[in-house]
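Participant: For reference, this is structure.pdb, and it has PDB, C-alpha atoms.
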```pdb
ATOM      1  CA  ASN N   1       0.000   0.000   0.000  1.00  0.00           C
ATOM      2  CA  ALA N   2       1.969   3.014  -1.276  1.00  0.00           C
ATOM      3  CA  GLY N   3      -0.573   5.735  -0.348  1.00  0.00           C
ATOM      4  CA  VAL N   4      -0.033   8.855  -2.465  1.00  0.00           C
ATOM      5  CA  THR N   5       2.846   8.891  -4.920  1.00  0.00           C
ATOM      6  CA  GLN N   6       4.048  11.988  -6.724  1.00  0.00           C
ATOM      7  CA  THR N   7       6.375  12.096  -9.704  1.00  0.00           C
ATOM      8  CA  PRO N   8       8.798  13.663 -10.332  1.00  0.00           C
ATOM      9  CA  LYS N   9      10.342  14.633  -6.992  1.00  0.00           C
ATOM     10  CA  PHE N  10      12.431  17.461  -8.421  1.00  0.00           C
ATOM     11  CA  ARG N  11      12.351  19.456 -11.618  1.00  0.00           C
ATOM     12  CA  VAL N  12      14.021  22.533 -13.041  1.00  0.00           C
ATOM     13  CA  LEU N  13      12.304  24.329 -15.901  1.00  0.00           C
ATOM     14  CA  LYS N  14      13.100  27.339 -18.016  1.00  0.00           C
ATOM     15  CA  THR N  15      10.508  30.069 -18.340  1.00  0.00           C
ATOM     16  CA  GLY N  16       7.962  29.116 -20.960  1.00  0.00           C
ATOM     17  CA  GLN N  17       8.505  25.358 -20.778  1.00  0.00           C
ATOM     18  CA  SER N  18       5.678  22.999 -19.968  1.00  0.00           C
ATOM     19  CA  MET N  19       5.456  20.000 -17.696  1.00  0.00           C
ATOM     20  CA  THR N  20       3.025  17.608 -16.057  1.00  0.00           C
ATOM     21  CA  LEU N  21       3.108  16.458 -12.447  1.00  0.00           C
ATOM     22  CA  LEU N  22       1.580  13.076 -11.759  1.00  0.00           C
ATOM     23  CA  CYS N  23      -0.209  12.047  -8.593  1.00  0.00           C
ATOM     24  CA  ALA N  24      -1.349   8.480  -7.987  1.00  0.00           C
ATOM     25  CA  GLN N  25      -3.253   7.098  -4.988  1.00  0.00           C
ATOM     26  CA  ASP N  26      -4.137   3.500  -4.184  1.00  0.00           C
ATOM     27  CA  MET N  27      -6.695   4.112  -1.397  1.00  0.00           C
ATOM     28  CA  ASN N  28      -9.749   4.380  -3.623  1.00  0.00           C
ATOM     29  CA  HIS N  29     -10.315   7.959  -2.479  1.00  0.00           C
ATOM     30  CA  GLU N  30     -12.887  10.063  -4.308  1.00  0.00           C
ATOM     31  CA  TYR N  31     -11.327  13.430  -3.522  1.00  0.00           C
ATOM     32  CA  MET N  32      -7.934  14.550  -4.782  1.00  0.00           C
ATOM     33  CA  TYR N  33      -6.172  17.888  -4.439  1.00  0.00           C
ATOM     34  CA  TRP N  34      -3.189  19.850  -5.670  1.00  0.00           C
ATOM     35  CA  TYR N  35      -1.600  22.404  -3.339  1.00  0.00           C
ATOM     36  CA  ARG N  36       1.405  24.613  -3.541  1.00  0.00           C
ATOM     37  CA  GLN N  37       3.483  25.464  -0.492  1.00  0.00           C
ATOM     38  CA  ASP N  38       5.453  28.683  -0.294  1.00  0.00           C
ATOM     39  CA  PRO N  39       7.354  30.028   2.727  1.00  0.00           C
ATOM     40  CA  GLY N  40       5.079  31.774   5.216  1.00  0.00           C
ATOM     41  CA  MET N  41       1.944  31.080   3.187  1.00  0.00           C
ATOM     42  CA  GLY N  42       1.010  27.569   4.258  1.00  0.00           C
ATOM     43  CA  LEU N  43      -0.761  25.410   1.718  1.00  0.00           C
ATOM     44  CA  ARG N  44      -2.801  26.986  -1.024  1.00  0.00           C
ATOM     45  CA  LEU N  45      -5.261  24.940  -3.045  1.00  0.00           C
ATOM     46  CA  ILE N  46      -4.678  25.032  -6.803  1.00  0.00           C
ATOM     47  CA  HIS N  47      -7.292  22.607  -8.139  1.00  0.00           C
ATOM     48  CA  TYR N  48      -9.266  19.727  -6.754  1.00  0.00           C
ATOM     49  CA  SER N  49     -11.412  16.826  -7.930  1.00  0.00           C
ATOM     50  CA  VAL N  50     -14.405  15.183  -6.270  1.00  0.00           C
ATOM     51  CA  GLY N  51     -14.438  12.212  -8.591  1.00  0.00           C
ATOM     52  CA  GLU N  52     -13.271  10.681 -11.832  1.00  0.00           C
ATOM     53  CA  GLY N  53     -13.816  13.043 -14.733  1.00  0.00           C
ATOM     54  CA  THR N  54     -14.486  16.090 -12.544  1.00  0.00           C
ATOM     55  CA  THR N  55     -12.182  18.959 -11.643  1.00  0.00           C
ATOM     56  CA  ALA N  56     -12.638  22.395 -10.121  1.00  0.00           C
ATOM     57  CA  LYS N  57     -10.624  25.511  -9.359  1.00  0.00           C
ATOM     58  CA  GLY N  58      -9.200  26.211  -5.954  1.00  0.00           C
ATOM     59  CA  GLU N  59      -7.701  29.342  -4.489  1.00  0.00           C
ATOM     60  CA  VAL N  60      -4.808  29.872  -6.937  1.00  0.00           C
ATOM     61  CA  PRO N  61      -5.666  28.143 -10.252  1.00  0.00           C
ATOM     62  CA  ASP N  62      -4.163  30.588 -12.750  1.00  0.00           C
ATOM     63  CA  GLY N  63      -1.415  29.101 -14.915  1.00  0.00           C
ATOM     64  CA  TYR N  64      -2.351  25.505 -14.077  1.00  0.00           C
ATOM     65  CA  ASN N  65      -4.605  22.866 -15.577  1.00  0.00           C
ATOM     66  CA  VAL N  66      -5.618  19.474 -14.256  1.00  0.00           C
ATOM     67  CA  SER N  67      -7.179  16.242 -15.395  1.00  0.00           C
ATOM     68  CA  ARG N  68      -8.667  13.235 -13.615  1.00  0.00           C
ATOM     69  CA  LEU N  69      -9.254  10.636 -16.290  1.00  0.00           C
ATOM     70  CA  LYS N  70      -8.869   7.763 -13.835  1.00  0.00           C
ATOM     71  CA  LYS N  71      -9.981   7.704 -10.222  1.00  0.00           C
ATOM     72  CA  GLN N  72      -6.511   6.911  -8.941  1.00  0.00           C
ATOM     73  CA  ASN N  73      -4.634   9.592 -10.921  1.00  0.00           C
ATOM     74  CA  PHE N  74      -4.678  13.380 -10.778  1.00  0.00           C
ATOM     75  CA  LEU N  75      -2.445  15.306 -13.175  1.00  0.00           C
ATOM     76  CA  LEU N  76      -1.295  18.900 -12.774  1.00  0.00           C
ATOM     77  CA  GLY N  77      -0.069  20.703 -15.873  1.00  0.00           C
ATOM     78  CA  LEU N  78       1.892  23.872 -16.361  1.00  0.00           C
ATOM     79  CA  GLU N  79       1.513  25.000 -19.947  1.00  0.00           C
ATOM     80  CA  SER N  80       4.004  27.875 -19.876  1.00  0.00           C
ATOM     81  CA  ALA N  81       6.022  27.952 -16.678  1.00  0.00           C
ATOM     82  CA  ALA N  82       6.814  31.247 -14.970  1.00  0.00           C
ATOM     83  CA  PRO N  83       9.285  32.015 -12.146  1.00  0.00           C
ATOM     84  CA  SER N  84       6.288  32.722  -9.869  1.00  0.00           C
ATOM     85  CA  GLN N  85       5.457  29.030 -10.125  1.00  0.00           C
ATOM     86  CA  THR N  86       8.660  28.062  -8.339  1.00  0.00           C
ATOM     87  CA  SER N  87       7.285  26.211  -5.343  1.00  0.00           C
ATOM     88  CA  VAL N  88       6.796  22.863  -3.666  1.00  0.00           C
ATOM     89  CA  TYR N  89       3.723  21.078  -4.974  1.00  0.00           C
ATOM     90  CA  PHE N  90       1.775  18.573  -2.913  1.00  0.00           C
ATOM     91  CA  CYS N  91      -0.922  16.198  -3.960  1.00  0.00           C
ATOM     92  CA  ALA N  92      -3.400  14.854  -1.424  1.00  0.00           C
ATOM     93  CA  SER N  93      -6.348  12.516  -1.427  1.00  0.00           C
ATOM     94  CA  SER N  94      -9.182  11.879   0.988  1.00  0.00           C
ATOM     95  CA  LEU N  95     -12.638  10.596   1.592  1.00  0.00           C
ATOM     96  CA  ARG N  96     -15.225  13.365   1.918  1.00  0.00           C
ATOM     97  CA  GLY N  97     -14.545  15.277   5.143  1.00  0.00           C
ATOM     98  CA  GLY N  98     -11.869  12.789   6.123  1.00  0.00           C
ATOM     99  CA  VAL N  99      -8.162  12.830   6.723  1.00  0.00           C
ATOM    100  CA  GLN N 100      -6.072  14.054   3.841  1.00  0.00           C
ATOM    101  CA  TYR N 101      -3.157  11.856   2.822  1.00  0.00           C
ATOM    102  CA  PHE N 102      -0.244  13.667   1.227  1.00  0.00           C
ATOM    103  CA  GLY N 103       2.452  12.758  -1.221  1.00  0.00           C
ATOM    104  CA  ALA N 104       6.093  13.607  -0.563  1.00  0.00           C
ATOM    105  CA  GLY N 105       6.010  16.650  -2.814  1.00  0.00           C
ATOM    106  CA  THR N 106       7.553  17.906  -6.033  1.00  0.00           C
ATOM    107  CA  ARG N 107      10.132  20.668  -5.804  1.00  0.00           C
ATOM    108  CA  LEU N 108       9.906  22.816  -8.904  1.00  0.00           C
ATOM    109  CA  SER N 109      12.246  25.625  -9.871  1.00  0.00           C
ATOM    110  CA  VAL N 110      11.473  27.847 -12.838  1.00  0.00           C
ATOM    111  CA  LEU N 111      14.429  29.858 -14.056  1.00  0.00           C
TER     112      LEU N 111
ATOM    113  CA  ALA P   1     -16.005  32.370   5.600  1.00  0.00           C
ATOM    114  CA  GLN P   2     -13.802  29.857   7.321  1.00  0.00           C
ATOM    115  CA  SER P   3     -10.301  30.779   8.397  1.00  0.00           C
ATOM    116  CA  VAL P   4      -7.530  29.331  10.525  1.00  0.00           C
ATOM    117  CA  THR P   5      -5.035  31.324  12.531  1.00  0.00           C
ATOM    118  CA  GLN P   6      -1.902  29.853  13.995  1.00  0.00           C
ATOM    119  CA  LEU P   7      -0.290  32.241  16.460  1.00  0.00           C
ATOM    120  CA  GLY P   8       3.480  32.256  16.197  1.00  0.00           C
ATOM    121  CA  SER P   9       5.194  31.206  13.004  1.00  0.00           C
ATOM    122  CA  HIS P  10       8.198  30.047  15.045  1.00  0.00           C
ATOM    123  CA  VAL P  11       8.192  28.516  18.513  1.00  0.00           C
ATOM    124  CA  SER P  12      11.266  27.397  20.467  1.00  0.00           C
ATOM    125  CA  VAL P  13      11.180  25.167  23.514  1.00  0.00           C
ATOM    126  CA  SER P  14      13.812  23.365  25.527  1.00  0.00           C
ATOM    127  CA  GLU P  15      13.983  19.606  25.401  1.00  0.00           C
ATOM    128  CA  GLY P  16      11.687  18.257  28.105  1.00  0.00           C
ATOM    129  CA  ALA P  17       9.571  21.425  28.262  1.00  0.00           C
ATOM    130  CA  LEU P  18       5.890  21.772  27.462  1.00  0.00           C
ATOM    131  CA  VAL P  19       4.965  22.271  23.824  1.00  0.00           C
ATOM    132  CA  LEU P  20       1.978  24.527  23.122  1.00  0.00           C
ATOM    133  CA  LEU P  21       1.060  25.410  19.547  1.00  0.00           C
ATOM    134  CA  ARG P  22      -1.981  27.595  19.124  1.00  0.00           C
ATOM    135  CA  CYS P  23      -4.767  27.304  16.563  1.00  0.00           C
ATOM    136  CA  ASN P  24      -7.948  29.365  16.355  1.00  0.00           C
ATOM    137  CA  TYR P  25     -10.571  28.987  13.695  1.00  0.00           C
ATOM    138  CA  SER P  26     -13.440  31.009  12.401  1.00  0.00           C
ATOM    139  CA  SER P  27     -16.508  29.088  11.347  1.00  0.00           C
ATOM    140  CA  SER P  28     -20.257  29.452  11.657  1.00  0.00           C
ATOM    141  CA  VAL P  29     -20.606  25.815  12.697  1.00  0.00           C
ATOM    142  CA  PRO P  30     -18.162  23.533  14.482  1.00  0.00           C
ATOM    143  CA  PRO P  31     -15.872  22.089  11.868  1.00  0.00           C
ATOM    144  CA  TYR P  32     -13.728  19.014  11.724  1.00  0.00           C
ATOM    145  CA  LEU P  33     -10.268  19.914  13.000  1.00  0.00           C
ATOM    146  CA  PHE P  34      -6.874  18.452  12.209  1.00  0.00           C
ATOM    147  CA  TRP P  35      -3.233  18.850  13.149  1.00  0.00           C
ATOM    148  CA  TYR P  36      -0.618  17.758  10.654  1.00  0.00           C
ATOM    149  CA  VAL P  37       3.160  17.599  11.019  1.00  0.00           C
ATOM    150  CA  GLN P  38       5.695  18.153   8.263  1.00  0.00           C
ATOM    151  CA  TYR P  39       9.306  17.046   8.620  1.00  0.00           C
ATOM    152  CA  PRO P  40      11.922  18.501   6.287  1.00  0.00           C
ATOM    153  CA  ASN P  41      11.548  17.442   2.669  1.00  0.00           C
ATOM    154  CA  GLN P  42       8.432  15.415   3.378  1.00  0.00           C
ATOM    155  CA  GLY P  43       4.715  15.729   2.925  1.00  0.00           C
ATOM    156  CA  LEU P  44       2.237  16.373   5.719  1.00  0.00           C
ATOM    157  CA  HIS P  45       1.311  13.576   8.110  1.00  0.00           C
ATOM    158  CA  LEU P  46      -1.710  13.470  10.376  1.00  0.00           C
ATOM    159  CA  LEU P  47      -1.054  13.942  14.090  1.00  0.00           C
ATOM    160  CA  LEU P  48      -4.636  13.934  15.302  1.00  0.00           C
ATOM    161  CA  LYS P  49      -8.166  14.934  14.393  1.00  0.00           C
ATOM    162  CA  TYR P  50     -11.402  15.992  16.012  1.00  0.00           C
ATOM    163  CA  THR P  51     -14.758  15.294  14.436  1.00  0.00           C
ATOM    164  CA  THR P  52     -17.323  14.754  17.183  1.00  0.00           C
ATOM    165  CA  GLY P  53     -17.459  13.412  20.717  1.00  0.00           C
ATOM    166  CA  ALA P  54     -14.710  13.782  23.307  1.00  0.00           C
ATOM    167  CA  THR P  55     -13.127  17.206  23.028  1.00  0.00           C
ATOM    168  CA  LEU P  56      -9.695  16.083  24.204  1.00  0.00           C
ATOM    169  CA  VAL P  57      -8.082  14.206  21.379  1.00  0.00           C
ATOM    170  CA  LYS P  58      -4.928  12.149  21.664  1.00  0.00           C
ATOM    171  CA  GLY P  59      -2.649  11.703  18.702  1.00  0.00           C
ATOM    172  CA  ILE P  60       0.620  10.107  17.806  1.00  0.00           C
ATOM    173  CA  ASN P  61       3.985  10.791  19.456  1.00  0.00           C
ATOM    174  CA  GLY P  62       2.416  11.981  22.721  1.00  0.00           C
ATOM    175  CA  PHE P  63       0.583  14.970  21.249  1.00  0.00           C
ATOM    176  CA  GLU P  64      -2.928  15.929  22.173  1.00  0.00           C
ATOM    177  CA  ALA P  65      -5.320  18.762  21.413  1.00  0.00           C
ATOM    178  CA  GLU P  66      -8.479  20.061  22.995  1.00  0.00           C
ATOM    179  CA  PHE P  67     -11.435  21.423  21.059  1.00  0.00           C
ATOM    180  CA  LYS P  68     -12.900  24.436  22.866  1.00  0.00           C
ATOM    181  CA  LYS P  69     -16.018  25.617  21.102  1.00  0.00           C
ATOM    182  CA  SER P  70     -16.446  28.710  23.259  1.00  0.00           C
ATOM    183  CA  GLU P  71     -12.930  29.861  22.385  1.00  0.00           C
ATOM    184  CA  THR P  72     -12.988  28.508  18.800  1.00  0.00           C
ATOM    185  CA  SER P  73      -9.620  26.963  19.533  1.00  0.00           C
ATOM    186  CA  PHE P  74      -7.833  23.675  18.944  1.00  0.00           C
ATOM    187  CA  HIS P  75      -4.436  24.089  20.558  1.00  0.00           C
ATOM    188  CA  LEU P  76      -1.831  21.344  20.285  1.00  0.00           C
ATOM    189  CA  THR P  77       0.150  20.295  23.336  1.00  0.00           C
ATOM    190  CA  LYS P  78       2.789  17.816  24.408  1.00  0.00           C
ATOM    191  CA  PRO P  79       3.976  17.598  28.014  1.00  0.00           C
ATOM    192  CA  SER P  80       7.647  17.027  27.245  1.00  0.00           C
ATOM    193  CA  ALA P  81       9.368  18.039  24.025  1.00  0.00           C
ATOM    194  CA  HIS P  82      11.791  15.712  22.327  1.00  0.00           C
ATOM    195  CA  MET P  83      14.423  16.661  19.776  1.00  0.00           C
ATOM    196  CA  SER P  84      12.575  14.591  17.183  1.00  0.00           C
ATOM    197  CA  ASP P  85       9.546  16.901  17.526  1.00  0.00           C
ATOM    198  CA  ALA P  86      11.339  19.628  15.600  1.00  0.00           C
ATOM    199  CA  ALA P  87       9.171  20.124  12.512  1.00  0.00           C
ATOM    200  CA  GLU P  88       6.491  22.368  11.064  1.00  0.00           C
ATOM    201  CA  TYR P  89       2.954  21.945  12.322  1.00  0.00           C
ATOM    202  CA  PHE P  90      -0.227  22.838  10.489  1.00  0.00           C
ATOM    203  CA  CYS P  91      -3.731  23.220  11.814  1.00  0.00           C
ATOM    204  CA  ALA P  92      -6.568  22.604   9.352  1.00  0.00           C
ATOM    205  CA  VAL P  93     -10.364  22.699   9.341  1.00  0.00           C
ATOM    206  CA  CYS P  94     -13.087  21.387   7.124  1.00  0.00           C
ATOM    207  CA  HIS P  95     -16.798  20.856   7.337  1.00  0.00           C
ATOM    208  CA  SER P  96     -18.354  17.445   7.121  1.00  0.00           C
ATOM    209  CA  GLY P  97     -19.633  16.676   3.675  1.00  0.00           C
ATOM    210  CA  THR P  98     -17.448  19.199   1.915  1.00  0.00           C
ATOM    211  CA  TYR P  99     -14.279  19.028  -0.111  1.00  0.00           C
ATOM    212  CA  LYS P 100     -12.684  22.158   1.234  1.00  0.00           C
ATOM    213  CA  TYR P 101      -9.891  22.147   3.802  1.00  0.00           C
ATOM    214  CA  ILE P 102      -8.468  25.382   5.157  1.00  0.00           C
ATOM    215  CA  PHE P 103      -4.904  25.249   6.440  1.00  0.00           C
ATOM    216  CA  GLY P 104      -3.170  27.620   8.787  1.00  0.00           C
ATOM    217  CA  THR P 105       0.156  29.121   7.752  1.00  0.00           C
ATOM    218  CA  GLY P 106       2.098  26.743   9.973  1.00  0.00           C
ATOM    219  CA  THR P 107       4.244  26.930  13.104  1.00  0.00           C
ATOM    220  CA  ARG P 108       7.842  25.825  12.970  1.00  0.00           C
ATOM    221  CA  LEU P 109       8.847  24.164  16.240  1.00  0.00           C
ATOM    222  CA  LYS P 110      12.471  24.241  17.305  1.00  0.00           C
ATOM    223  CA  VAL P 111      13.622  22.084  20.218  1.00  0.00           C
ATOM    224  CA  LEU P 112      16.706  23.262  22.068  1.00  0.00           C
ATOM    225  CA  ALA P 113      19.079  20.826  23.743  1.00  0.00           C
TER     226      ALA P 113
END
```
Represent the structure contained in this file as C-alpha cells.
Facilitator:
Amino acid sequence: NAGVTQTPKFRVLKTGQSMTLLCAQDMNHEYMYWYRQDPGMGLRLIHYSVGEGTTAKGEVPDGYNVSRLKKQNFLLGLESAAPSQTSVYFCASSLRGGVQYFGAGTRLSVL
Amino acid sequence: AQSVTQLGSHVSVSEGALVLLRCNYSSSVPPYLFWYVQYPNQGLHLLLKYTTGATLVKGINGFEAEFKKSETSFHLTKPSAHMSDAAEYFCAVCHSGTYKYIFGTGTRLKVLA
C-alpha cells in the first residue's frame, strides 16, 4: 500500500517550458487535491477533484490545468512555466470530510 | 467564511519542556479539525483529528489537542518536548460533507538541547 505517490520529486524548468506532475493514490479515495506550499503562506489549493472526470478551481488556479481521467490519478499541468510558479507542490487525497493523505512533494524551480 | 489562525510562526522550547502550539478557527458551525506535522523534505502527516465526541483528542507521538467551542480553539500540546519533535505543524479545518480544507500558515517548532 503506497498511499499517495508523486512524480517527479524534483524538476528545473526554463521560463515558458511545460510540464506535467503526476499524482497516484491506491486508497480508492474520491477526492484529490493539488496544493502549492510557499514560505510563510502555508498550503494553497490550486485545483481539486471530487471524482473521476471532474475537476474544479481552488484558491490559486491561474497558470495551471488538471485532469482526472482515472480515479486513482490526478495530473497537474503547467503550460508555460513562470518564475512565480517556483514552489513545492503537494498532492493529497481523501474521503469526503476525512483525513487528507499527502504525497512527498515535487520541488519545482522555474528559471 | 472559514479561516484558521496559527499564532506564532516560530516557537522554540527546551527539550523536556511543554509544547503549546496555538490554533484558532473562524466558522459558523463547528468544523472538523486536524493537526498535521511536516518534517523537512516530506509531505504532511496526520497527528490527530477531532470530528465529534470527546473534546480532548490524543494523537501520535504523545501529542494531544483540545477542542474548545467557546474559544474557537484547537491548541496542540505535548507535556515534554523531544528533539525529534522539531518540525512544522499545520492546523486545518473542514466541514463534514465538503471538499474544502483550510490550512493555517504553519508553526515551525524548534527544540533546544
Participant: Do a neighbour search on Arg11 (chain N) at 12 Å with only C-alpha atoms, toss out local chain neighbours closer than 3 positions, and write the hits as a tab-separated table (two decimals) with C-alpha atoms, in the frame of the given file.
Facilitator:
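Output file around-v2.tsv follows:
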```tsv
chain	number	residue	atom	x	y	z
N	7	THR	CA	6.38	12.10	-9.70
N	8	PRO	CA	8.80	13.66	-10.33
N	14	LYS	CA	13.10	27.34	-18.02
N	17	GLN	CA	8.51	25.36	-20.78
N	18	SER	CA	5.68	23.00	-19.97
N	19	MET	CA	5.46	20.00	-17.70
N	20	THR	CA	3.02	17.61	-16.06
N	21	LEU	CA	3.11	16.46	-12.45
N	81	ALA	CA	6.02	27.95	-16.68
N	85	GLN	CA	5.46	29.03	-10.12
N	86	THR	CA	8.66	28.06	-8.34
N	87	SER	CA	7.28	26.21	-5.34
N	88	VAL	CA	6.80	22.86	-3.67
N	89	TYR	CA	3.72	21.08	-4.97
N	105	GLY	CA	6.01	16.65	-2.81
N	106	THR	CA	7.55	17.91	-6.03
N	107	ARG	CA	10.13	20.67	-5.80
N	108	LEU	CA	9.91	22.82	-8.90
N	109	SER	CA	12.25	25.62	-9.87
N	110	VAL	CA	11.47	27.85	-12.84
N	111	LEU	CA	14.43	29.86	-14.06
```
Participant: Using all atoms listed in the file, which protein or nucleic acid residues come within 6 Å of Met32 (chain N)? Drop anything in the same chain fewer than 4 positions from it, and give the result as a VMD selection string.
Facilitator: chain N and resid 48 to 49 92 to 93
Participant: Tell me, as a PyMOL selection string, which residues lie within 6 Å of Val111 (chain P), counting only C-alpha atoms; anything in the same chain fewer than 4 positions away does not count.
Facilitator: chain P and resi 12-15+83+86
Participant: Go ahead and save the residues from that selection, with C-alpha atoms, as a PDB file, keeping the file's coordinate frame.
Facilitator:
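And here's again-v5.pdb as it stands now:
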```
ATOM      1  CA  SER P  12      11.266  27.397  20.467  1.00  0.00           C
ATOM      2  CA  VAL P  13      11.180  25.167  23.514  1.00  0.00           C
ATOM      3  CA  SER P  14      13.812  23.365  25.527  1.00  0.00           C
ATOM      4  CA  GLU P  15      13.983  19.606  25.401  1.00  0.00           C
ATOM      5  CA  MET P  83      14.423  16.661  19.776  1.00  0.00           C
ATOM      6  CA  ALA P  86      11.339  19.628  15.600  1.00  0.00           C
TER       7      ALA P  86
END
```
Participant: Select all residues from chain N having any atom no more than 9 Å from an atom of chain P (counting only C-alpha atoms, ignoring ligands), output as a list in words.
Facilitator: Tyr31, Pro39, Gly40, Met41, Gly42, Leu43, Arg44, Leu45, Tyr48, Ser49, Val50, Gly58, Phe90, Cys91, Ser94, Leu95, Arg96, Gly97, Gly98, Val99, Gln100, Tyr101, Phe102, Gly103, Ala104 and Gly105 of chain N
Participant: Set the distance at 8 Å and use only C-alpha atoms: which residues neighbour Leu22 (chain N) once local chain neighbours fewer than 4 positions away are removed? I'd like the list as a list in words.
Facilitator: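 Once the nearby chain positions are removed, what remains is Gln6, Thr7, Pro8, Asn73, Phe74, Leu75 and Leu76 of chain N.
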Participant: Which residue gives the smallest distance to His10 (chain P) among P:Arg22, P:Pro30, P:Ala113, P:Phe63, with all atoms listed in the file counted?
Facilitator: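 Between P:Arg22, P:Pro30, P:Ala113, P:Phe63, the residue approaching His10 (chain P) most closely is P:Arg22.
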Participant: Do you have the CA of Asp38 (chain N)-CA of Val19 (chain P) distance handy?
Facilitator: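 About the pair CA of Asp38 (chain N) and CA of Val19 (chain P): they are 25.0 Å apart.
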Participant: Evaluate the PyMOL selection byres ((chain P and resi 75) around 8) and record the selected residues as a list in words, following the chain and residue labels used in the document.
Facilitator: Leu20, Leu21, Arg22, Cys23, Asn24, Ala65, Glu66, Phe67, Ser73, Phe74, Leu76 and Thr77 of chain P
Participant: Can you work out the spacing between CA of Val11 (chain P) and CA of Ala81 (chain P) in Å, to one decimal?
Facilitator: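 Computing the Euclidean distance for CA of Val11 (chain P) and CA of Ala81 (chain P) yields 11.9 Å.
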